[in-house]
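Undergrad: Take this structure, written in structure tokens, and hold onto it; I'll ask about it next.
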Amino acid sequence: MNPLVIALLIIVGIIVLLLAIAVIRAVSIKAKPVEGESKAVFTPEEEEKYARVLSEMIKVPTISKGEGEDKSEFYKLHAVLRELFPNIHESLEMTEIDGNIIYRWQGKDSSLDPILLMGHQDVVPAAETDWKHDPFSGDIEGGCIHGRGAMDCKCTVMAEMAAVEELLAEGFVPERDVYLAYACNEETSGGGAQKLVKYLQDKGIRLCVAMDEGGAIVDDAMPGMSSKCAAVGIVEKGTVNIKFTAKGKGGHSSTPPKNTPFARLSAFVCDVEKKNPFKTVITTPVKYMLSNIAPYLSFPMRLIFGNLWLFKPLLTVLMPKFSPGARAFVTTTVVFTMGEGSKAPNVIPDEAYLIANMRVGTQQSKDECVEILRKIAAKYDIETELLKGFNASRISDPGSDEMKYLKQCVADVFPGYCFTPYYMCGGTDCRHYGAVTDNCLRFTPVYISPSQMAAMHAANESIGSAAVAAGVKFYKYFLRNHK
Ligand SMILES: [Zn+2]
């Protein structure tokens, strides 16, 4: 036989074999439906009670305003918390640092590394005009609690505190110390979390785990998913703000020259948008995520995600094309968000600038990414200035004992749900706690519907009362069974 034909037959044979292995694997990993009752149930009365508690917390407009802000609303919230959670305020040691609060619940053995549950007290403004309920009414209607902060993230703070409140009433004492930590300026990156971390460091405390808001329980983690998904953020991208300034000769707009500052800035923006200048990589945390959700996907997604050993190169090319969300998982992103030129429509600016927000992935450092943009900007005679920013967080080990324990809790409280580590493209306060623990886990054990998710930092934020009640029971289960 012709050697060329033999070679071709061998190649075809190898491809068929690889595909057959991939198909067999995809069939064998399919998630089996899990029957079973949740180990944490709640009564309709409890659901109603939790909804009322959350409503009271929403009524205090703890809007984060940034540097030098007036903290009076936060002090009002602390007074409301004292009313709502009397057991906590009687039994736990509360420390307040510039509006940020941390509670210590002494366990049986304080020499063990403590657990820390966290969230934030502040909310973003609610200036949108199309709210159906007043954003600070805390209205309870249609099985939901409405208002700014209902989801992000007073439901987390409420569920954690309600769990501790109930355990105290039941006379439960945890094995190790438990801390509850709530900064008051997460939304403006105001440094509250750093102050709480410093407080722990000054006491020489290392935590076994810090659990913050983050991935929630969602329906459509991916198109074609067969179950709800509990996603735990094990890493978060870094954030960088950069200013790009183009200078030129100003003048009257009636006789414009070529290459004005805005023309160069525009060409630069198009250049960056058209060809992504950053590395596109399926990093380890994304790999964990894709392989964990694969068993819950239908064909052909299960075939591809369940066989990353074969399809990773293909996915690396395809993911940026799927959706902006999928793209953000595999590359650093940059988007231009602010800008200014001259002060009048008929005046050519002698200087114009744009500000960009970059979300830095784990595959590249922020300095490397800024340098890439600086080089492109220089081609258009544009100056680059790094305003502020930080790298992606450390990756918490998805195989750690704490992660295994969290997985078991999810399996017990939410049987049959997909559980997966998750690569967070947004930011939380949790990254600061990397200084005092190896396990920064970002998980909100509360179901969030797609429409609720869309209302995050937008009008008509709400959360389901049954979802909140399940969240309370989850934290209770988590604390009660943690060794
Ligand atoms: Zn938040």
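Residues in the structure tokens are named by chain (A, B, ... in the order shown) and by number from 1 within that chain; ligands are numbered from 1 in the order shown.
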Using only C-alpha atoms and all ligand atoms, what table do you get, as CSV, when you list each residue of chain A with an atom no more than 7 Å from ligand 1, its nearest pair of atoms, and their distance in Å rounded to one decimal, rows by chain then rising number?
TA:
```
residue,atom,partner,partner_atom_place_in_ligand_line,distance
A:His120,CA,ligand 1,1 (Zn),6.5
A:Asp152,CA,ligand 1,1 (Zn),4.5
A:Cys153,CA,ligand 1,1 (Zn),4.9
A:Glu186,CA,ligand 1,1 (Zn),7.0
A:Glu187,CA,ligand 1,1 (Zn),6.8
A:Glu213,CA,ligand 1,1 (Zn),6.5
A:Thr428,CA,ligand 1,1 (Zn),6.5
```
Undergrad: Take the residues that were just selected and, keeping N, CA and C atoms, output them as a PDB file, in the first residue's frame.
TA:
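Here's the written file again.pdb:
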```pdb
ATOM      1  N   HIS A 120     -20.744  42.578  53.623  1.00  0.00           N
ATOM      2  CA  HIS A 120     -20.524  44.022  53.803  1.00  0.00           C
ATOM      3  C   HIS A 120     -21.832  44.714  54.123  1.00  0.00           C
ATOM      4  N   ASP A 152     -27.253  42.127  47.396  1.00  0.00           N
ATOM      5  CA  ASP A 152     -25.833  42.507  47.519  1.00  0.00           C
ATOM      6  C   ASP A 152     -25.669  43.541  48.620  1.00  0.00           C
ATOM      7  N   CYS A 153     -25.328  43.094  49.872  1.00  0.00           N
ATOM      8  CA  CYS A 153     -25.332  41.689  50.247  1.00  0.00           C
ATOM      9  C   CYS A 153     -25.918  41.549  51.639  1.00  0.00           C
ATOM     10  N   GLU A 186     -17.204  48.219  51.114  1.00  0.00           N
ATOM     11  CA  GLU A 186     -16.744  47.271  50.096  1.00  0.00           C
ATOM     12  C   GLU A 186     -16.983  47.822  48.699  1.00  0.00           C
ATOM     13  N   GLU A 187     -18.132  48.445  48.508  1.00  0.00           N
ATOM     14  CA  GLU A 187     -18.521  48.887  47.164  1.00  0.00           C
ATOM     15  C   GLU A 187     -17.619  49.996  46.630  1.00  0.00           C
ATOM     16  N   GLU A 213     -19.509  36.718  50.541  1.00  0.00           N
ATOM     17  CA  GLU A 213     -20.426  36.678  49.410  1.00  0.00           C
ATOM     18  C   GLU A 213     -19.630  36.255  48.173  1.00  0.00           C
ATOM     19  N   THR A 428     -14.488  41.083  45.563  1.00  0.00           N
ATOM     20  CA  THR A 428     -15.113  41.088  46.891  1.00  0.00           C
ATOM     21  C   THR A 428     -14.058  41.520  47.908  1.00  0.00           C
TER      22      THR A 428
END
```
Undergrad: Running DSSP on the backbone, which parts of segment 377-406 of chain A land in strand (DSSP E or B), as a VMD selection string?
TA: chain A and resid 382 to 389
Undergrad: Quick one: everything within 9 Å of segment 368-376 of chain A, counting only C-alpha atoms, minus sequence neighbours fewer than 2 positions away in the same chain. Send it as a PyMOL selection string.
TA: chain A and resi 240+242+244+268+271-272+277-278+332+358+360+364-366+378-380+382-386
Undergrad: At a cut-off of 9 Å, using only C-alpha atoms, what residues contact segment 189-203 of chain A? Leave out same-chain residues fewer than 5 positions from it and give the result as a PyMOL selection string.
TA: chain A and resi 64+66-67+97-102+120+181-184+428-430+432-433+435-436
Undergrad: Could those selected residues go to a file with N, CA and C atoms, as an mmCIF file, in the first residue's frame?
TA:
```
data_model
loop_
_atom_site.group_PDB
_atom_site.id
_atom_site.type_symbol
_atom_site.label_atom_id
_atom_site.label_comp_id
_atom_site.auth_asym_id
_atom_site.auth_seq_id
_atom_site.Cartn_x
_atom_site.Cartn_y
_atom_site.Cartn_z
ATOM 1 N N SER A 64 -22.607 53.457 50.298
ATOM 2 C CA SER A 64 -21.168 53.711 50.354
ATOM 3 C C SER A 64 -20.863 54.898 49.466
ATOM 4 N N GLY A 66 -17.721 56.670 49.646
ATOM 5 C CA GLY A 66 -16.292 56.888 49.406
ATOM 6 C C GLY A 66 -15.642 57.701 50.499
ATOM 7 N N GLU A 67 -14.421 58.077 50.208
ATOM 8 C CA GLU A 67 -13.540 58.803 51.132
ATOM 9 C C GLU A 67 -14.249 59.806 52.048
ATOM 10 N N ILE A 97 -14.697 49.357 64.257
ATOM 11 C CA ILE A 97 -13.531 50.147 63.826
ATOM 12 C C ILE A 97 -13.980 51.037 62.669
ATOM 13 N N ASP A 98 -14.187 52.302 62.928
ATOM 14 C CA ASP A 98 -14.615 53.266 61.892
ATOM 15 C C ASP A 98 -15.840 52.792 61.102
ATOM 16 N N GLY A 99 -16.804 52.245 61.780
ATOM 17 C CA GLY A 99 -18.028 51.814 61.104
ATOM 18 C C GLY A 99 -17.995 50.363 60.651
ATOM 19 N N ASN A 100 -16.792 49.783 60.621
ATOM 20 C CA ASN A 100 -16.659 48.363 60.274
ATOM 21 C C ASN A 100 -16.844 47.564 61.563
ATOM 22 N N ILE A 101 -17.515 46.417 61.479
ATOM 23 C CA ILE A 101 -17.736 45.660 62.715
ATOM 24 C C ILE A 101 -17.258 44.211 62.601
ATOM 25 N N ILE A 102 -16.813 43.707 63.740
ATOM 26 C CA ILE A 102 -16.394 42.307 63.806
ATOM 27 C C ILE A 102 -16.838 41.731 65.150
ATOM 28 N N HIS A 120 -20.744 42.578 53.623
ATOM 29 C CA HIS A 120 -20.524 44.022 53.803
ATOM 30 C C HIS A 120 -21.832 44.714 54.123
ATOM 31 N N ALA A 181 -17.620 39.264 60.256
ATOM 32 C CA ALA A 181 -16.928 40.518 59.922
ATOM 33 C C ALA A 181 -17.650 41.251 58.791
ATOM 34 N N TYR A 182 -18.007 42.508 59.057
ATOM 35 C CA TYR A 182 -18.767 43.272 58.061
ATOM 36 C C TYR A 182 -18.163 44.658 57.874
ATOM 37 N N ALA A 183 -17.505 44.852 56.754
ATOM 38 C CA ALA A 183 -16.924 46.163 56.436
ATOM 39 C C ALA A 183 -18.036 47.099 55.970
ATOM 40 N N CYS A 184 -17.736 48.402 55.968
ATOM 41 C CA CYS A 184 -18.787 49.360 55.600
ATOM 42 C C CYS A 184 -18.477 50.081 54.290
ATOM 43 N N THR A 428 -14.488 41.083 45.563
ATOM 44 C CA THR A 428 -15.113 41.088 46.891
ATOM 45 C C THR A 428 -14.058 41.520 47.908
ATOM 46 N N ASP A 429 -14.503 41.710 49.138
ATOM 47 C CA ASP A 429 -13.569 42.031 50.226
ATOM 48 C C ASP A 429 -12.697 40.835 50.589
ATOM 49 N N CYS A 430 -13.113 39.658 50.149
ATOM 50 C CA CYS A 430 -12.463 38.429 50.609
ATOM 51 C C CYS A 430 -10.976 38.402 50.262
ATOM 52 N N HIS A 432 -8.720 40.450 50.628
ATOM 53 C CA HIS A 432 -7.847 40.979 51.687
ATOM 54 C C HIS A 432 -7.560 39.915 52.748
ATOM 55 N N TYR A 433 -8.476 38.982 52.910
ATOM 56 C CA TYR A 433 -8.319 37.960 53.943
ATOM 57 C C TYR A 433 -7.306 36.890 53.555
ATOM 58 N N ALA A 435 -4.438 37.388 53.519
ATOM 59 C CA ALA A 435 -3.323 37.636 54.440
ATOM 60 C C ALA A 435 -3.441 36.800 55.720
ATOM 61 N N VAL A 436 -4.662 36.319 56.020
ATOM 62 C CA VAL A 436 -4.836 35.589 57.290
ATOM 63 C C VAL A 436 -5.417 34.182 57.112
#
```
Undergrad: Fewer than 2 positions away in the same chain doesn't count, so skip those; otherwise give me all residues within 12 Å of Ala411 of chain A, counting only C-alpha atoms, as a ChimeraX atom specification.
TA: /A:34-40,228-230,404-409,413-420,445,474,477-478
Undergrad: Please produce a file of those selected residues containing C-alpha atoms, as an mmCIF file, in the first residue's frame.
TA:
```cif
data_model
loop_
_atom_site.group_PDB
_atom_site.id
_atom_site.type_symbol
_atom_site.label_atom_id
_atom_site.label_comp_id
_atom_site.auth_asym_id
_atom_site.auth_seq_id
_atom_site.Cartn_x
_atom_site.Cartn_y
_atom_site.Cartn_z
ATOM 1 C CA VAL A 34 -30.062 12.750 43.447
ATOM 2 C CA GLU A 35 -33.216 12.130 45.377
ATOM 3 C CA GLY A 36 -33.323 13.143 48.983
ATOM 4 C CA GLU A 37 -34.509 15.674 51.463
ATOM 5 C CA SER A 38 -32.510 18.700 52.461
ATOM 6 C CA LYS A 39 -30.996 18.272 55.924
ATOM 7 C CA ALA A 40 -31.930 21.866 56.706
ATOM 8 C CA LYS A 228 -29.082 24.314 39.927
ATOM 9 C CA CYS A 229 -25.456 25.179 40.507
ATOM 10 C CA ALA A 230 -23.668 26.233 43.704
ATOM 11 C CA LYS A 404 -14.452 19.438 50.801
ATOM 12 C CA TYR A 405 -16.449 20.330 53.910
ATOM 13 C CA LEU A 406 -18.306 23.088 52.073
ATOM 14 C CA LYS A 407 -19.083 20.636 49.269
ATOM 15 C CA GLN A 408 -20.516 18.178 51.792
ATOM 16 C CA CYS A 409 -22.681 20.923 53.333
ATOM 17 C CA VAL A 413 -28.593 21.105 52.323
ATOM 18 C CA PHE A 414 -29.089 21.353 48.568
ATOM 19 C CA PRO A 415 -29.090 17.715 47.397
ATOM 20 C CA GLY A 416 -28.474 17.150 43.707
ATOM 21 C CA TYR A 417 -27.097 20.612 42.987
ATOM 22 C CA CYS A 418 -23.932 20.932 40.961
ATOM 23 C CA PHE A 419 -21.065 22.150 43.172
ATOM 24 C CA THR A 420 -18.144 23.860 41.555
ATOM 25 C CA PRO A 445 -25.864 29.970 49.783
ATOM 26 C CA PHE A 474 -27.276 26.512 55.378
ATOM 27 C CA TYR A 477 -25.740 23.578 59.270
ATOM 28 C CA PHE A 478 -22.265 24.753 58.263
#
```
Undergrad: Hey, what's within 10 Å of Gly233 of chain A if we count only C-alpha atoms and toss same-chain stuff fewer than 2 positions away? As a PyMOL selection string, please?
TA: chain A and resi 211-216+230-231+235-236+285+289+395-396+398+420-426+428+430+440-444
Undergrad: What does the distance between atom CA of Leu207 of chain A and atom CA of Pro174 of chain A come to in Å, to one decimal place?
TA: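 Computing the Euclidean distance for atom CA of Leu207 of chain A and atom CA of Pro174 of chain A yields 14.5 Å.
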Undergrad: Just the number, please: distance in Å from atom CA of Ala26 of chain A to atom CA of Leu303 of chain A, one decimal.
TA: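 Interatomic distance here is 4.9 Å.
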Undergrad: Write out as a list in words each polymer residue whose atoms come within 9 Å of segment 326-329 of chain A, counting only C-alpha atoms; drop sequence neighbours fewer than 2 positions from it.
TA: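 Once the nearby chain positions are removed, what remains is Thr280, Val281, Ile282, Thr283, Val286, Leu318, Met319, Pro320, Lys321, Phe322, Ser323, Pro324, Thr331, Thr332, Thr333, Arg359, Gly361, Tyr423, Met424 and Cys425 of chain A.
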Undergrad: Filtering to C-alpha atoms, could you give me those residues as a compact mmCIF listing (two decimals), in the first residue's frame?
TA:
```
# COMPACT_ATOMS: atom_id res chain seq x y z
CA THR A 280 -6.00 33.93 26.33
CA VAL A 281 -5.57 30.90 28.57
CA ILE A 282 -7.82 28.34 30.21
CA THR A 283 -6.24 28.72 33.63
CA VAL A 286 -11.35 27.77 34.96
CA LEU A 318 -14.03 29.34 21.15
CA MET A 319 -14.66 30.69 24.65
CA PRO A 320 -13.94 34.35 23.84
CA LYS A 321 -16.54 34.03 21.07
CA PHE A 322 -19.32 32.46 23.21
CA SER A 323 -20.27 35.52 25.26
CA PRO A 324 -18.67 38.43 27.15
CA THR A 331 -8.47 36.59 29.41
CA THR A 332 -7.74 39.93 31.01
CA THR A 333 -10.39 42.41 29.87
CA ARG A 359 -9.83 43.17 35.06
CA GLY A 361 -6.68 37.47 35.09
CA TYR A 423 -13.42 31.96 38.82
CA MET A 424 -14.78 35.35 39.85
CA CYS A 425 -14.47 38.19 37.39
```
